[in-house]
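Beneath this line is the structure, given in structure tokens, with notes to follow.
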Amino acid sequence: ANLARLFEQVIQPAMEALPVHASLECGEAATMDEFLDRAAAQVDNYTANEAAKAFTLTLAGIFERQLSIWARAVYLDLAIEMPKARGFQEFLAICAERAGIDVQQTGVGSDLNEMFMVANVVRHGEGSSCEKLMAIAPMLWDDASNDYHDLLAGPRIPSEHLRIRMRDLVRYIWATTRFWGLADPLPMAVTDPPYRVEARGGESA
């Protein structure tokens, strides 16, 4: 519920308030004003993408912290030692098994792992996480689109071309909220969050 409130009260309004342009004009500008308007549009879209990446990092960090607190409490109640995990994916699998959640069947596993991998790329840039993310989520890169230009000069850096859109943030908040709903043993747990999730590649409202 805390993650859902953060998304609804902070992330969603912030993203919707940012100006985003459907396409960016290139080529020689007729006037200086036209050139400056084009440059401003590029910066607008770049800023919106940076915000989306930062919010993904926030969601992943909070979810991982919540998962750690929950797991510690569960194993303490059971008076048994918590299994060691190597990385987020293994830790998530251990916690899901303890909660009786099939992360694949419930549709949350791929989005949770993707969210965490995106967070790693946002945090560290180039590296193994970026390579893995490009392999499992190539739709997060779209070199054919005309609505984004990397502002960095020099050779292309794949991690700087990572695109996170509102539809991706919706997928991530849906997966985190659904996970906690499924883990909740109390009545009226939210197991089907009210976020509209489209097939990958489509827009979400």
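Following the order of the structure tokens, first chain is A, next is B, and so on, with residues numbered from 1 inside each chain and ligands from 1 in the order they appear.
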Which residues of segment 85-168 of chain A come within 12 Å of segment 19-35 of chain A, and what is each one's closest atom pair and distance in Å (one decimal), counting only C-alpha atoms, sorted by chain and residue number, as JSON lines?
```
{"residue": "A:Ala144", "atom": "CA", "partner": "A:Ser23", "partner_atom": "CA", "distance": 11.6}
{"residue": "A:Ser145", "atom": "CA", "partner": "A:Ser23", "partner_atom": "CA", "distance": 8.2}
{"residue": "A:Asn146", "atom": "CA", "partner": "A:Ser23", "partner_atom": "CA", "distance": 5.4}
{"residue": "A:Asp147", "atom": "CA", "partner": "A:Ser23", "partner_atom": "CA", "distance": 4.3}
{"residue": "A:Tyr148", "atom": "CA", "partner": "A:Leu24", "partner_atom": "CA", "distance": 7.1}
{"residue": "A:His149", "atom": "CA", "partner": "A:Leu24", "partner_atom": "CA", "distance": 8.3}
{"residue": "A:Asp150", "atom": "CA", "partner": "A:Leu24", "partner_atom": "CA", "distance": 11.9}
{"residue": "A:Arg165", "atom": "CA", "partner": "A:Val20", "partner_atom": "CA", "distance": 10.8}
{"residue": "A:Met166", "atom": "CA", "partner": "A:Val20", "partner_atom": "CA", "distance": 11.3}
```
**OP:** Using DSSP on the backbone coordinates, identify all residues within segment 12-80 of chain A classified as helix (DSSP H, G or I); present the result as an NGL selection string.
**Re:** :A and (12-17 or 32-78)
Subject >> Distance of atom CA of Asp192 of chain A from atom CA of Gln9 of chain A, expressed in Å to one decimal place >> reply: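 Distance between the two atoms: 19.4 Å.
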Subject >> Shell of 12 Å around segment 2-7 of chain A, only C-alpha atoms, local chain residues under 4 positions omitted, as a PyMOL selection string >> reply: chain A and resi 11-16+52+55-56+58-66+166+169-181+190+193-195
Original post:
Counting only C-alpha atoms, which of A:Gln105, A:Lys53, A:Gly154, A:Arg86 gets nearest to Val121 of chain A?
Top reply: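 For Val121 of chain A, the nearest of the candidates is A:Lys53.
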Original post:
What does the distance from atom CA of Trp141 of chain A to atom CA of Asp111 of chain A come to in Å, to one decimal?
Top reply: 16.1 Å
Would you pick out the contacts of Gly125 of chain A at 12 Å or less, using only C-alpha atoms, so that residues sharing its chain but fewer than 3 positions from it are not included, and give the list as a PDB file with N, CA, C and O atoms, in the first residue's frame?
```pdb
ATOM      1  N   LYS A  53      13.409   6.936 -15.162  1.00  0.00           N
ATOM      2  CA  LYS A  53      14.469   6.040 -14.693  1.00  0.00           C
ATOM      3  C   LYS A  53      14.709   6.210 -13.195  1.00  0.00           C
ATOM      4  O   LYS A  53      14.889   5.228 -12.462  1.00  0.00           O
ATOM      5  N   MET A 117      16.562  -4.876 -12.522  1.00  0.00           N
ATOM      6  CA  MET A 117      17.676  -4.787 -13.458  1.00  0.00           C
ATOM      7  C   MET A 117      17.783  -3.379 -14.050  1.00  0.00           C
ATOM      8  O   MET A 117      18.877  -2.843 -14.239  1.00  0.00           O
ATOM      9  N   VAL A 118      16.629  -2.762 -14.328  1.00  0.00           N
ATOM     10  CA  VAL A 118      16.627  -1.368 -14.783  1.00  0.00           C
ATOM     11  C   VAL A 118      17.271  -0.481 -13.722  1.00  0.00           C
ATOM     12  O   VAL A 118      18.090   0.389 -14.033  1.00  0.00           O
ATOM     13  N   ALA A 119      16.911  -0.708 -12.471  1.00  0.00           N
ATOM     14  CA  ALA A 119      17.490   0.079 -11.377  1.00  0.00           C
ATOM     15  C   ALA A 119      19.003  -0.065 -11.344  1.00  0.00           C
ATOM     16  O   ALA A 119      19.728   0.923 -11.117  1.00  0.00           O
ATOM     17  N   ASN A 120      19.511  -1.264 -11.562  1.00  0.00           N
ATOM     18  CA  ASN A 120      20.956  -1.477 -11.587  1.00  0.00           C
ATOM     19  C   ASN A 120      21.615  -0.707 -12.726  1.00  0.00           C
ATOM     20  O   ASN A 120      22.692  -0.125 -12.561  1.00  0.00           O
ATOM     21  N   VAL A 121      20.959  -0.701 -13.891  1.00  0.00           N
ATOM     22  CA  VAL A 121      21.512   0.016 -15.043  1.00  0.00           C
ATOM     23  C   VAL A 121      21.497   1.520 -14.781  1.00  0.00           C
ATOM     24  O   VAL A 121      22.453   2.230 -15.096  1.00  0.00           O
ATOM     25  N   VAL A 122      20.406   2.024 -14.198  1.00  0.00           N
ATOM     26  CA  VAL A 122      20.324   3.448 -13.865  1.00  0.00           C
ATOM     27  C   VAL A 122      21.423   3.819 -12.875  1.00  0.00           C
ATOM     28  O   VAL A 122      22.044   4.880 -12.972  1.00  0.00           O
ATOM     29  N   SER A 128      27.267  -5.761 -16.761  1.00  0.00           N
ATOM     30  CA  SER A 128      26.549  -7.010 -16.999  1.00  0.00           C
ATOM     31  C   SER A 128      25.036  -6.831 -16.904  1.00  0.00           C
ATOM     32  O   SER A 128      24.276  -7.456 -17.650  1.00  0.00           O
ATOM     33  N   SER A 129      24.575  -5.967 -15.997  1.00  0.00           N
ATOM     34  CA  SER A 129      23.129  -5.744 -15.867  1.00  0.00           C
ATOM     35  C   SER A 129      22.556  -5.136 -17.140  1.00  0.00           C
ATOM     36  O   SER A 129      21.457  -5.495 -17.578  1.00  0.00           O
ATOM     37  N   CYS A 130      23.288  -4.201 -17.734  1.00  0.00           N
ATOM     38  CA  CYS A 130      22.838  -3.581 -18.973  1.00  0.00           C
ATOM     39  C   CYS A 130      22.765  -4.610 -20.093  1.00  0.00           C
ATOM     40  O   CYS A 130      21.790  -4.650 -20.862  1.00  0.00           O
ATOM     41  N   GLU A 131      23.757  -5.465 -20.178  1.00  0.00           N
ATOM     42  CA  GLU A 131      23.769  -6.503 -21.205  1.00  0.00           C
ATOM     43  C   GLU A 131      22.613  -7.488 -21.017  1.00  0.00           C
ATOM     44  O   GLU A 131      21.937  -7.874 -21.983  1.00  0.00           O
ATOM     45  N   LEU A 133      19.779  -6.887 -19.424  1.00  0.00           N
ATOM     46  CA  LEU A 133      18.520  -6.184 -19.656  1.00  0.00           C
ATOM     47  C   LEU A 133      18.239  -6.046 -21.141  1.00  0.00           C
ATOM     48  O   LEU A 133      17.092  -6.207 -21.581  1.00  0.00           O
ATOM     49  N   ILE A 157      26.403   5.206 -25.975  1.00  0.00           N
ATOM     50  CA  ILE A 157      26.484   4.411 -24.752  1.00  0.00           C
ATOM     51  C   ILE A 157      25.117   3.756 -24.541  1.00  0.00           C
ATOM     52  O   ILE A 157      24.125   4.456 -24.306  1.00  0.00           O
ATOM     53  N   PRO A 158      25.025   2.423 -24.661  1.00  0.00           N
ATOM     54  CA  PRO A 158      23.717   1.755 -24.582  1.00  0.00           C
ATOM     55  C   PRO A 158      22.893   2.121 -23.356  1.00  0.00           C
ATOM     56  O   PRO A 158      21.688   2.342 -23.460  1.00  0.00           O
ATOM     57  N   SER A 159      23.520   2.219 -22.192  1.00  0.00           N
ATOM     58  CA  SER A 159      22.758   2.508 -20.978  1.00  0.00           C
ATOM     59  C   SER A 159      22.102   3.881 -21.027  1.00  0.00           C
ATOM     60  O   SER A 159      21.086   4.113 -20.375  1.00  0.00           O
ATOM     61  N   GLU A 160      22.662   4.811 -21.809  1.00  0.00           N
ATOM     62  CA  GLU A 160      22.086   6.150 -21.923  1.00  0.00           C
ATOM     63  C   GLU A 160      20.918   6.188 -22.900  1.00  0.00           C
ATOM     64  O   GLU A 160      20.228   7.198 -23.006  1.00  0.00           O
ATOM     65  N   HIS A 161      20.711   5.116 -23.647  1.00  0.00           N
ATOM     66  CA  HIS A 161      19.587   5.040 -24.579  1.00  0.00           C
ATOM     67  C   HIS A 161      18.451   4.186 -24.014  1.00  0.00           C
ATOM     68  O   HIS A 161      17.478   3.915 -24.719  1.00  0.00           O
ATOM     69  N   LEU A 162      18.570   3.770 -22.770  1.00  0.00           N
ATOM     70  CA  LEU A 162      17.499   3.048 -22.096  1.00  0.00           C
ATOM     71  C   LEU A 162      16.290   3.971 -21.978  1.00  0.00           C
ATOM     72  O   LEU A 162      16.389   5.089 -21.499  1.00  0.00           O
TER      73      LEU A 162
END
```
Original post:
How far is it from atom CA of Gln89 of chain A to atom CA of Val103 of chain A, in Å with one decimal?
Top reply: 10.9 Å
Subject >> A:Glu126, A:Gln104, A:Ala189, A:Ile164 ranked by distance to Tyr46 of chain A, top pick (using only C-alpha atoms) >> reply: A:Ile164
**OP:** Could you tell me which of A:Ala71, A:Leu57, A:Met115, A:Leu36 comes closest to Ala99 of chain A if we count only C-alpha atoms?
**Re:**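 Using only C-alpha atoms, the shortest distance to Ala99 of chain A belongs to A:Ala71.
Across A:Glu97, A:Val74, A:Pro185, A:Glu90, the tightest approach to Leu112 of chain A is made by A:Glu90 when counting only C-alpha atoms.
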